[in-house]
>>> print(open('structure.cif').read())   # mmCIF, C-alpha atoms and all ligand atoms
data_structure
loop_
_atom_site.label_atom_id
_atom_site.label_comp_id
_atom_site.auth_asym_id
_atom_site.auth_seq_id
_atom_site.Cartn_x
_atom_site.Cartn_y
_atom_site.Cartn_z
CA MET T 1 -2.20 -3.78 21.78
CA ASN T 2 -2.91 -6.95 23.72
CA ALA T 3 -0.03 -9.13 24.89
CA ASP T 4 -0.92 -12.18 22.81
CA ILE T 5 -1.07 -10.16 19.58
CA GLN T 6 2.20 -8.45 20.42
CA ARG T 7 3.85 -11.82 21.16
CA ARG T 8 2.77 -13.26 17.80
CA ARG T 9 3.94 -10.16 15.93
CA ARG T 10 7.29 -10.19 17.70
CA ALA T 11 7.70 -13.92 16.94
CA ALA T 12 6.99 -13.23 13.26
CA ALA T 13 9.70 -10.53 13.24
CA ASP T 14 12.07 -12.91 15.09
CA ALA T 15 11.57 -15.51 12.37
CA VAL T 16 13.02 -13.00 9.89
CA LEU T 17 15.71 -11.41 12.08
CA GLY T 18 17.04 -14.44 13.94
CA ASP T 19 20.24 -13.56 15.79
CA ARG T 20 20.59 -10.29 13.86
CA ARG T 21 18.64 -8.79 16.71
CA SER T 22 21.82 -8.57 18.77
CA MET T 23 23.71 -6.50 16.16
CA PRO T 24 24.62 -2.94 17.25
CA PRO T 25 23.41 0.11 15.30
CA ARG T 26 25.88 1.85 12.99
CA GLY T 27 24.92 5.44 13.79
CA ASP T 28 22.18 6.52 11.44
CA ALA T 29 20.67 5.52 8.13
CA GLU T 30 18.36 6.77 5.42
CA ALA T 31 16.29 4.98 2.81
CA PHE T 32 13.56 5.49 0.22
CA ALA T 33 10.63 3.30 -0.83
CA PRO T 34 8.02 3.97 -3.50
CA ALA T 35 4.28 4.27 -2.95
CA ASN T 36 2.19 1.69 -4.80
CA ILE T 37 -1.27 1.57 -6.34
CA ALA T 38 -3.12 -1.74 -6.38
CA LEU T 39 -4.56 -2.86 -9.73
CA VAL T 40 -6.10 -5.85 -7.96
CA LYS T 41 -6.95 -4.76 -4.43
CA TYR T 42 -6.09 -6.09 -0.98
CA TRP T 43 -9.37 -5.92 0.89
CA GLY T 44 -9.81 -8.15 3.93
CA LYS T 45 -7.57 -9.99 6.39
CA ARG T 46 -7.52 -13.58 7.46
CA ASP T 47 -5.38 -12.55 10.44
CA ALA T 48 -5.53 -8.95 11.67
CA ALA T 49 -2.58 -9.25 14.08
CA LEU T 50 -0.14 -10.15 11.29
CA ASN T 51 -1.84 -8.33 8.39
CA LEU T 52 -2.36 -11.62 6.54
CA PRO T 53 -4.71 -11.11 3.60
CA VAL T 54 -7.66 -13.21 2.51
CA THR T 55 -6.51 -12.97 -1.12
CA GLY T 56 -3.53 -12.00 -3.23
CA SER T 57 -3.24 -8.53 -4.77
CA LEU T 58 -1.17 -6.87 -7.49
CA SER T 59 0.23 -3.34 -7.62
CA VAL T 60 2.49 -1.03 -9.51
CA SER T 61 5.05 1.04 -7.62
CA LEU T 62 5.12 4.77 -8.35
CA GLY T 63 8.78 5.35 -9.23
CA ASP T 64 10.18 8.33 -7.36
CA ALA T 65 6.87 9.09 -5.62
CA GLY T 66 7.18 7.67 -2.13
CA THR T 67 8.73 8.14 1.29
CA ARG T 68 12.28 8.94 2.35
CA THR T 69 13.02 7.98 5.95
CA ALA T 70 15.97 8.73 8.21
CA ILE T 71 16.49 6.93 11.51
CA ARG T 72 18.89 7.10 14.43
CA PRO T 73 18.96 5.65 17.95
CA ALA T 74 17.57 8.02 20.58
CA ASP T 75 16.43 8.08 24.20
CA ARG T 76 12.83 7.67 23.18
CA ASP T 77 10.79 7.28 20.00
CA SER T 78 9.97 10.40 18.05
CA LEU T 79 8.37 10.82 14.65
CA ARG T 80 8.71 13.77 12.33
CA MET T 81 6.58 13.67 9.18
CA ASN T 82 7.27 16.27 6.51
CA VAL T 83 9.05 18.42 9.11
CA ASN T 84 6.17 18.32 11.65
CA LEU T 85 6.84 16.65 14.97
CA ILE T 86 3.96 14.21 15.58
CA ASP T 87 2.42 13.92 19.05
CA PRO T 88 3.61 10.56 20.46
CA ALA T 89 -0.01 9.84 21.46
CA ALA T 90 -1.30 10.39 17.90
CA PRO T 91 -2.27 7.25 15.97
CA ALA T 92 0.51 7.62 13.36
CA ALA T 93 3.24 7.90 16.02
CA ARG T 94 1.83 5.02 18.05
CA ARG T 95 1.68 2.82 14.99
CA VAL T 96 5.34 3.51 14.22
CA SER T 97 6.35 2.88 17.86
CA GLU T 98 4.41 -0.38 17.94
CA PHE T 99 6.20 -1.41 14.77
CA LEU T 100 9.58 -0.44 16.23
CA ASP T 101 8.76 -2.64 19.25
CA LEU T 102 8.92 -5.61 16.88
CA VAL T 103 12.49 -5.01 15.84
CA ARG T 104 13.76 -3.08 18.87
CA PRO T 105 16.90 -4.71 20.19
CA SER T 106 17.14 -4.58 23.96
CA SER T 107 20.04 -2.10 23.65
CA ALA T 108 18.02 0.60 21.88
CA ALA T 109 15.69 2.62 24.05
CA GLY T 110 14.17 4.52 21.17
CA PHE T 111 14.52 5.79 17.64
CA ALA T 112 14.24 9.23 16.08
CA VAL T 113 12.41 8.73 12.79
CA GLU T 114 12.07 11.47 10.20
CA THR T 115 10.01 10.89 7.06
CA VAL T 116 9.40 13.02 4.01
CA ASN T 117 6.81 12.10 1.41
CA SER T 118 7.71 13.13 -2.12
CA VAL T 119 4.01 13.27 -2.95
CA PRO T 120 2.02 15.44 -0.55
CA THR T 121 0.00 13.25 1.82
CA ALA T 122 -3.03 15.23 0.72
CA ALA T 123 -2.50 14.00 -2.84
CA GLY T 124 -4.38 10.84 -2.00
CA VAL T 125 -1.52 8.41 -2.50
CA ALA T 126 -1.29 6.12 0.51
CA SER T 127 1.76 6.89 2.61
CA SER T 128 1.61 3.91 4.98
CA ALA T 129 2.83 1.50 2.28
CA SER T 130 5.89 3.53 1.28
CA GLY T 131 6.33 4.64 4.90
CA PHE T 132 6.72 1.18 6.43
CA ALA T 133 8.75 -0.11 3.48
CA ALA T 134 11.16 2.82 3.80
CA LEU T 135 11.32 2.34 7.58
CA VAL T 136 12.31 -1.32 7.17
CA ARG T 137 14.98 -0.39 4.62
CA ALA T 138 16.29 2.32 6.95
CA LEU T 139 16.42 -0.14 9.88
CA ASP T 140 18.22 -2.65 7.66
CA GLY T 141 20.82 0.01 6.90
CA LEU T 142 21.07 1.20 10.51
CA TYR T 143 21.85 -2.29 11.81
CA GLY T 144 23.53 -3.69 8.73
CA TRP T 145 21.15 -6.67 8.79
CA ASP T 146 21.57 -7.20 5.05
CA LEU T 147 18.09 -8.67 4.65
CA ASN T 148 16.94 -9.49 1.13
CA PRO T 149 13.85 -7.73 -0.27
CA ALA T 150 11.62 -10.74 0.40
CA GLU T 151 12.63 -10.74 4.08
CA MET T 152 12.09 -6.98 4.29
CA SER T 153 8.69 -7.47 2.67
CA VAL T 154 7.61 -9.84 5.47
CA LEU T 155 8.69 -7.29 8.08
CA ALA T 156 7.05 -4.35 6.28
CA ARG T 157 3.77 -6.28 6.12
CA LEU T 158 3.65 -6.25 9.93
CA GLY T 159 3.54 -2.44 9.74
CA SER T 160 0.94 -2.18 6.99
CA GLY T 161 -0.26 -4.90 4.66
CA SER T 162 0.20 -2.99 1.43
CA ALA T 163 3.77 -2.04 2.49
CA CYS T 164 4.92 -5.55 1.57
CA ARG T 165 4.44 -4.54 -2.10
CA SER T 166 6.61 -1.41 -1.81
CA LEU T 167 9.99 -3.19 -1.61
CA TRP T 168 10.28 -3.34 -5.42
CA ASP T 169 9.85 -1.02 -8.37
CA GLY T 170 7.37 -1.85 -11.11
CA PHE T 171 4.69 -4.52 -10.84
CA VAL T 172 4.54 -6.53 -7.63
CA GLU T 173 2.20 -9.32 -6.60
CA TRP T 174 1.47 -9.99 -2.94
CA ILE T 175 1.49 -13.75 -2.52
CA PRO T 176 -1.02 -14.34 0.32
CA GLY T 177 0.78 -17.47 1.57
CA THR T 178 -0.59 -20.29 3.68
CA ASP T 179 1.64 -20.21 6.78
CA SER T 180 -0.35 -19.35 9.92
CA GLU T 181 2.41 -16.97 11.08
CA GLY T 182 2.86 -15.34 7.68
CA ALA T 183 6.38 -16.52 6.81
CA ASP T 184 5.34 -16.91 3.15
CA SER T 185 3.02 -13.87 2.87
CA ARG T 186 5.04 -11.28 0.97
CA GLY T 187 5.57 -9.37 -2.23
CA ALA T 188 7.11 -10.87 -5.35
CA PRO T 189 8.27 -8.70 -8.27
CA ILE T 190 7.02 -9.22 -11.82
CA ASP T 191 9.76 -8.84 -14.41
CA VAL T 192 7.99 -6.52 -16.86
CA ARG T 193 8.91 -2.93 -17.72
CA TRP T 194 6.25 -0.68 -19.21
CA PRO T 195 7.89 2.74 -19.65
CA GLU T 196 4.82 4.37 -21.27
CA LEU T 197 2.50 3.51 -18.38
CA ARG T 198 1.20 6.43 -16.32
CA ILE T 199 -0.79 6.65 -13.12
CA GLY T 200 -2.69 9.92 -12.77
CA VAL T 201 -3.73 11.13 -9.32
CA TRP T 202 -6.95 13.11 -9.41
CA VAL T 203 -7.60 14.63 -6.01
CA LEU T 204 -11.25 15.48 -5.42
CA ASP T 205 -11.30 15.79 -1.65
CA ASP T 206 -8.30 15.92 0.67
CA ALA T 207 -10.19 15.73 3.98
CA PRO T 208 -9.22 12.77 6.24
CA LYS T 209 -11.26 9.70 5.36
CA ALA T 210 -14.30 8.98 7.47
CA VAL T 211 -13.50 5.25 7.85
CA ALA T 212 -9.84 4.13 8.12
CA SER T 213 -9.05 1.39 5.62
CA ARG T 214 -8.20 -1.00 8.44
CA GLU T 215 -11.66 -0.49 9.96
CA GLY T 216 -13.34 -0.53 6.54
CA MET T 217 -11.78 -3.90 5.76
CA ARG T 218 -12.74 -5.37 9.12
CA ARG T 219 -16.30 -4.18 8.79
CA THR T 220 -16.55 -5.53 5.25
CA VAL T 221 -15.19 -8.99 6.13
CA GLU T 222 -17.41 -9.29 9.20
CA THR T 223 -20.68 -7.83 7.93
CA SER T 224 -20.88 -7.37 4.16
CA PRO T 225 -23.28 -9.84 2.52
CA LEU T 226 -21.22 -9.33 -0.68
CA TYR T 227 -17.83 -10.20 0.80
CA PRO T 228 -18.15 -13.97 0.19
CA ALA T 229 -18.05 -13.21 -3.55
CA TRP T 230 -14.79 -11.23 -3.30
CA PRO T 231 -12.13 -14.01 -3.27
CA ALA T 232 -13.43 -15.45 -6.54
CA VAL T 233 -13.41 -11.99 -8.14
CA VAL T 234 -9.78 -11.52 -7.12
CA ALA T 235 -8.73 -14.98 -8.32
CA ARG T 236 -10.15 -14.25 -11.76
CA ASP T 237 -8.84 -10.68 -11.94
CA LEU T 238 -5.32 -11.70 -10.89
CA ILE T 239 -5.08 -14.12 -13.80
CA GLU T 240 -6.23 -11.47 -16.23
CA VAL T 241 -4.06 -8.66 -14.86
CA ARG T 242 -0.96 -10.90 -14.96
CA GLN T 243 -1.70 -11.53 -18.63
CA ALA T 244 -2.39 -7.86 -19.34
CA VAL T 245 0.90 -6.86 -17.69
CA ALA T 246 2.89 -9.54 -19.54
CA GLY T 247 1.40 -8.33 -22.85
CA ARG T 248 1.47 -4.63 -21.92
CA ASP T 249 -2.17 -4.57 -22.91
CA LEU T 250 -3.55 -1.26 -21.56
CA GLU T 251 -7.15 -1.88 -22.53
CA ARG T 252 -7.22 -5.18 -20.70
CA LEU T 253 -5.31 -3.86 -17.69
CA GLY T 254 -7.58 -0.83 -17.38
CA ARG T 255 -10.79 -2.80 -17.76
CA VAL T 256 -9.88 -5.36 -15.11
CA ALA T 257 -8.38 -2.85 -12.65
CA GLU T 258 -11.44 -0.61 -12.90
CA GLY T 259 -13.81 -3.54 -12.45
CA ASN T 260 -11.82 -4.83 -9.50
CA ALA T 261 -11.90 -1.45 -7.73
CA LEU T 262 -15.66 -1.17 -8.27
CA ALA T 263 -16.17 -4.69 -6.92
CA MET T 264 -14.05 -3.86 -3.85
CA HIS T 265 -16.12 -0.74 -3.19
CA ALA T 266 -19.34 -2.71 -3.71
CA THR T 267 -18.37 -5.07 -0.88
CA ALA T 268 -17.46 -2.10 1.35
CA ILE T 269 -20.60 -0.12 0.53
CA ALA T 270 -22.69 -3.14 1.50
CA ALA T 271 -21.00 -3.47 4.92
CA ARG T 272 -23.22 -2.71 7.91
CA PRO T 273 -22.64 0.08 8.74
CA SER T 274 -21.50 0.99 5.27
CA ALA T 275 -17.87 1.86 4.48
CA LEU T 276 -18.76 4.34 1.76
CA TYR T 277 -15.62 6.18 0.58
CA TRP T 278 -17.11 7.97 -2.40
CA ARG T 279 -18.07 11.63 -2.46
CA PRO T 280 -20.50 13.03 -5.02
CA GLU T 281 -17.40 14.36 -6.83
CA SER T 282 -16.01 10.79 -7.03
CA VAL T 283 -19.12 9.55 -8.80
CA ALA T 284 -19.07 12.52 -11.19
CA ALA T 285 -15.40 11.87 -11.93
CA MET T 286 -16.03 8.19 -12.67
CA ALA T 287 -18.79 9.21 -15.09
CA ARG T 288 -16.41 11.70 -16.68
CA ILE T 289 -13.75 9.03 -17.29
CA THR T 290 -16.35 6.69 -18.74
CA ALA T 291 -17.48 9.48 -21.10
CA LEU T 292 -13.90 10.31 -22.12
CA ARG T 293 -13.35 6.65 -22.90
CA ALA T 294 -16.54 6.50 -24.94
CA GLY T 295 -15.10 9.43 -26.88
CA GLY T 296 -11.99 7.43 -27.74
CA MET T 297 -9.57 8.32 -24.92
CA PRO T 298 -7.84 5.16 -23.56
CA VAL T 299 -8.12 5.88 -19.82
CA TRP T 300 -9.45 3.87 -16.87
CA PHE T 301 -9.80 4.61 -13.15
CA THR T 302 -9.25 2.91 -9.84
CA LEU T 303 -10.05 4.10 -6.29
CA ASP T 304 -8.61 3.04 -2.95
CA ALA T 305 -10.12 3.53 0.49
CA GLY T 306 -10.89 7.17 -0.23
CA PRO T 307 -12.76 9.51 -2.58
CA ASN T 308 -9.96 10.25 -5.07
CA LEU T 309 -9.43 8.66 -8.49
CA LYS T 310 -6.19 7.18 -9.81
CA LEU T 311 -6.18 7.06 -13.59
CA ILE T 312 -4.49 4.42 -15.72
CA PHE T 313 -3.27 5.52 -19.15
CA GLU T 314 -0.20 5.79 -21.36
CA ALA T 315 2.13 8.74 -21.98
CA ALA T 316 0.66 9.34 -25.44
CA SER T 317 -2.66 10.39 -23.84
CA GLY T 318 -1.07 12.51 -21.12
CA ALA T 319 -1.32 15.94 -22.77
CA ALA T 320 -4.92 15.48 -23.92
CA LEU T 321 -5.93 14.13 -20.53
CA THR T 322 -4.32 17.02 -18.65
CA ARG T 323 -6.22 19.45 -20.91
CA GLU T 324 -9.46 17.74 -19.87
CA ILE T 325 -8.47 17.46 -16.20
CA PRO T 326 -6.00 20.23 -15.31
CA ALA T 327 -5.77 19.05 -11.67
CA LEU T 328 -4.41 15.67 -12.76
CA ARG T 329 -0.97 14.83 -11.40
CA SER T 330 0.74 12.29 -13.66
CA LEU T 331 3.25 9.80 -12.21
CA ALA T 332 5.61 7.59 -14.21
CA PRO T 333 6.08 4.18 -12.51
CA PHE T 334 9.02 3.31 -14.76
CA GLY T 335 10.74 6.72 -14.69
C1 LIG T 401 -4.63 -1.89 -1.58
N1 LIG T 401 -5.79 -0.72 0.31
O1 LIG T 401 -4.50 -3.01 -2.07
C2 LIG T 401 -5.90 -1.64 -0.78
C3 LIG T 401 -6.99 -1.10 -1.64
C4 LIG T 401 -6.85 0.23 0.33
C5 LIG T 401 -7.77 -0.17 -0.76
O2 LIG T 401 -4.00 -1.70 1.15
O3 LIG T 401 -4.45 -2.53 7.83
O4 LIG T 401 -3.02 0.48 4.81
O5 LIG T 401 -2.22 -1.55 7.30
O6 LIG T 401 -2.87 -3.77 6.37
O7 LIG T 401 -2.34 -1.70 3.74
C6 LIG T 401 -4.88 0.00 2.47
O8 LIG T 401 -4.70 -0.83 3.54
O9 LIG T 401 -4.02 -1.70 5.59
C7 LIG T 401 -4.87 -0.86 1.26
P1 LIG T 401 -3.34 -2.42 6.83
P2 LIG T 401 -3.37 -0.89 4.41
O10 LIG T 401 -3.79 -0.97 -1.75
#
>>> encode(input="structure.cif", output="structure tokens", more="lines below")
Ligand code: 2P0
Amino acid sequence: MNADIQRRRRAAADAVLGDRRSMPPRGDAEAFAPANIALVKYWGKRDAALNLPVTGSLSVSLGDAGTRTAIRPADRDSLRMNVNLIDPAAPAARRVSEFLDLVRPSSAAGFAVETVNSVPTAAGVASSASGFAALVRALDGLYGWDLNPAEMSVLARLGSGSACRSLWDGFVEWIPGTDSEGADSRGAPIDVRWPELRIGVWVLDDAPKAVASREGMRRTVETSPLYPAWPAVVARDLIEVRQAVAGRDLERLGRVAEGNALAMHATAIAARPSALYWRPESVAAMARITALRAGGMPVWFTLDAGPNLKLIFEAASGAALTREIPALRSLAPFG
């Protein structure tokens, strides 16, 4: 990472931590954060160093599906994910170390970090969002910083953009902010409970994705002839999803979320070279959901930067849907 980028990232972390940076660690700490699924997607950065988005986005957290992280001071950084020790040179370990550099007080040489995902990584639910949110919570506990969720959200965003939405349960909107250093770019919870809502994870292909989402976004912003249309799509969809959430209107929520995901993928597919995340199975699955809906089943889909579908439905349809799609794993965002 170049020195100027690192300096800006460290300054952004300083703005949150202030003189807490000199506090000593308490021994060890452990924390959990939920994964989240975007109903209106984050796709494109206005500042890649600070993970500042071009637009807002809106997600729902996945209840007890997420990441549990334990941390303690150590001689050097180490990362264990689901029991496996990760090579320090591997991208996941380097990304965690680079994040720890932002908050590392001079006294701490390193940290031993152990994470466990309660949904298998192969299940197609992003682990970087819950991972960085849980890491920030664990650091907050380790040092006794006593940051509020909004402050933790700003820090988590420096690890992974979508992590700033994983500091709350339920619906969360990422306010894109206007500050050049990102002080106001963070999650904000929406005070609506929707106990019947379900998110179904339908895994079609668990191979690593061909284009990392970070690279897919960059390519889309820089080269896709369709990207200029994206901010207006998001602005419109955010208004409608906020209303659908407030009214617990599944039909409206599903329609907008599905349309938003397809629009996101359209911008990515049109990038040069294309960031095409779909597999033939993804297209067949989308057709299947459309057919089920035509047959009267209230279910909609969304897809992230990968080939798997996430389904949006209510508990009342769960049994019938699982009969149709036995591989479906149903998650309850509100417990
Ligand atoms: C989202 N995605 O809103 C969108 C939809 C993927 C598709 O946020 O580079 O891992 O760390 O800021 O947060 C995945 O991107 O990217 C993502 P970085 P991140 O959930």
>>> residues_around(input="structure.cif", residues="region 133-139 of chain T", least_positions_apart="4", cutoff="10 Å", atoms="all atoms listed in the file", output="ChimeraX atom specification")
/T:25,28-35,66-72,96,99-100,103-104,111,113-115,127-129,143-149,151-157,159-160,162-168
>>> axis_aligned_box(input="structure.cif", around="region 246-259 of chain T", padding_each_side="6 Å", output="lines of an AutoDock Vina configuration file")
center_x = -5.5
center_y = -5.1
center_z = -17.7
size_x = 28.7
size_y = 20.9
size_z = 22.5
>>> residues_near_ligand(input="structure.cif", ligand="ligand LIG 401 (chain T)", cutoff="6 Å", atoms="only C-alpha atoms and all ligand atoms", output="number ranges by chain")
T: 37-38, 41-43, 51, 128, 160-162, 213-214, 304-305
>>> write_last_selection(input="structure.cif", atoms="C-alpha atoms", output="mmCIF file, in the coordinates of the input")
data_model
loop_
_atom_site.group_PDB
_atom_site.id
_atom_site.type_symbol
_atom_site.label_atom_id
_atom_site.label_comp_id
_atom_site.auth_asym_id
_atom_site.auth_seq_id
_atom_site.Cartn_x
_atom_site.Cartn_y
_atom_site.Cartn_z
ATOM 1 C CA ILE T 37 -1.270 1.570 -6.340
ATOM 2 C CA ALA T 38 -3.120 -1.740 -6.380
ATOM 3 C CA LYS T 41 -6.950 -4.760 -4.430
ATOM 4 C CA TYR T 42 -6.090 -6.090 -0.980
ATOM 5 C CA TRP T 43 -9.370 -5.920 0.890
ATOM 6 C CA ASN T 51 -1.840 -8.330 8.390
ATOM 7 C CA SER T 128 1.610 3.910 4.980
ATOM 8 C CA SER T 160 0.940 -2.180 6.990
ATOM 9 C CA GLY T 161 -0.260 -4.900 4.660
ATOM 10 C CA SER T 162 0.200 -2.990 1.430
ATOM 11 C CA SER T 213 -9.050 1.390 5.620
ATOM 12 C CA ARG T 214 -8.200 -1.000 8.440
ATOM 13 C CA ASP T 304 -8.610 3.040 -2.950
ATOM 14 C CA ALA T 305 -10.120 3.530 0.490
#
>>> atom_distance(input="structure.cif", atom1="CA of Ser57 (chain T)", atom2="CA of Ala332 (chain T)")
20.7 Å
>>> closest_residue(input="structure.cif", among="T:Glu215, T:Asp249, T:Asp77, T:Asp101", to="Ala13 (chain T)", atoms="only C-alpha atoms")
T:Asp101
>>> closest_residue(input="structure.cif", among="T:Trp194, T:Trp300, T:Trp230, T:Phe132", to="Gly56 (chain T)", atoms="all atoms listed in the file")
T:Trp230
>>> residues_around(input="structure.cif", residues="Ile289 (chain T)", least_positions_apart="5", cutoff="9 Å", atoms="all atoms listed in the file", output="ChimeraX atom specification")
/T:284,294,297,299-301,311
>>> closest_residue(input="structure.cif", among="T:Pro73, T:Gly18, T:Gly254, T:Gly44", to="Ala112 (chain T)", atoms="all atoms listed in the file")
T:Pro73
>>> atom_distance(input="structure.cif", atom1="CA of Ser224 (chain T)", atom2="CA of Ala275 (chain T)")
9.7 Å
>>> atom_distance(input="structure.cif", atom1="CA of Gly306 (chain T)", atom2="CA of Lys209 (chain T)")
6.1 Å
>>> residues_around(input="structure.cif", residues="region 321-331 of chain T", least_positions_apart="6", cutoff="10 Å", atoms="only C-alpha atoms", output="PyMOL selection string")
chain T and resi 62-65+119+123+197-204+285+288-289+292+297-299+309-313+315
>>> closest_residue(input="structure.cif", among="T:Leu17, T:Leu85, T:Leu158, T:Leu142", to="Pro53 (chain T)", atoms="all atoms listed in the file")
T:Leu158
>>> closest_residue(input="structure.cif", among="T:Pro307, T:Thr55, T:Glu196, T:Ser78", to="Arg95 (chain T)", atoms="only C-alpha atoms")
T:Ser78
>>> closest_residue(input="structure.cif", among="T:Ser274, T:Arg255, T:Asp14, T:Tyr227", to="Arg293 (chain T)", atoms="all atoms listed in the file")
T:Arg255
>>> residues_near_point(input="structure.cif", point="(5.0, -6.8, -7.0)", cutoff="8 Å", atoms="all atoms listed in the file", output="list of chain:residue names")
T:Leu58, T:Ser59, T:Val60, T:Ser61, T:Arg165, T:Ser166, T:Trp168, T:Asp169, T:Gly170, T:Phe171, T:Val172, T:Glu173, T:Trp174, T:Gly187, T:Ala188, T:Pro189, T:Ile190
>>> residues_near_point(input="structure.cif", point="(-2.0, -19.0, 11.7)", cutoff="12 Å", atoms="only C-alpha atoms", output="JSON, numbers by chain")
{"T": [5, 8, 9, 12, 45, 46, 47, 48, 49, 50, 51, 52, 53, 177, 178, 179, 180, 181, 182, 183, 184, 185]}
>>> decode(input="structure.cif", residues="region 303-320 of chain T", atoms="N, CA and C atoms", output="compact mmCIF listing (two decimals), in the first residue's frame")
# COMPACT_ATOMS: atom_id res chain seq x y z
N LEU T 303 -28.57 -10.82 -6.09
CA LEU T 303 -27.24 -11.46 -6.22
C LEU T 303 -26.18 -10.41 -5.90
N ASP T 304 -25.12 -10.83 -5.23
CA ASP T 304 -24.00 -9.94 -4.97
C ASP T 304 -22.90 -10.22 -5.99
N ALA T 305 -21.66 -9.92 -5.64
CA ALA T 305 -20.58 -10.11 -6.62
C ALA T 305 -20.20 -11.58 -6.67
N GLY T 306 -21.12 -12.41 -7.12
CA GLY T 306 -20.90 -13.84 -7.20
C GLY T 306 -22.09 -14.49 -7.88
N PRO T 307 -22.02 -15.82 -8.06
CA PRO T 307 -23.03 -16.53 -8.85
C PRO T 307 -24.26 -16.98 -8.07
N ASN T 308 -24.24 -16.82 -6.73
CA ASN T 308 -25.30 -17.41 -5.91
C ASN T 308 -26.48 -16.46 -5.71
N LEU T 309 -27.67 -17.03 -5.51
CA LEU T 309 -28.85 -16.21 -5.29
C LEU T 309 -29.16 -16.09 -3.80
N LYS T 310 -29.65 -14.93 -3.39
CA LYS T 310 -30.21 -14.73 -2.06
C LYS T 310 -31.69 -14.45 -2.31
N LEU T 311 -32.54 -15.20 -1.65
CA LEU T 311 -33.98 -15.05 -1.88
C LEU T 311 -34.62 -14.23 -0.78
N ILE T 312 -35.62 -13.46 -1.16
CA ILE T 312 -36.34 -12.59 -0.22
C ILE T 312 -37.78 -13.09 -0.15
N PHE T 313 -38.20 -13.49 1.04
CA PHE T 313 -39.55 -14.03 1.20
C PHE T 313 -39.97 -13.90 2.66
N GLU T 314 -41.15 -14.41 2.99
CA GLU T 314 -41.60 -14.39 4.38
C GLU T 314 -41.75 -15.82 4.89
N ALA T 315 -41.76 -15.96 6.22
CA ALA T 315 -41.77 -17.28 6.86
C ALA T 315 -42.89 -18.17 6.33
N ALA T 316 -44.04 -17.57 6.01
CA ALA T 316 -45.19 -18.35 5.57
C ALA T 316 -44.90 -19.14 4.29
N SER T 317 -43.95 -18.67 3.49
CA SER T 317 -43.62 -19.36 2.24
C SER T 317 -42.45 -20.32 2.41
N GLY T 318 -41.85 -20.34 3.58
CA GLY T 318 -40.60 -21.08 3.79
C GLY T 318 -40.69 -22.55 3.45
N ALA T 319 -41.73 -23.23 3.96
CA ALA T 319 -41.84 -24.68 3.76
C ALA T 319 -42.04 -25.01 2.28
N ALA T 320 -42.92 -24.27 1.63
CA ALA T 320 -43.19 -24.53 0.21
C ALA T 320 -41.94 -24.26 -0.63
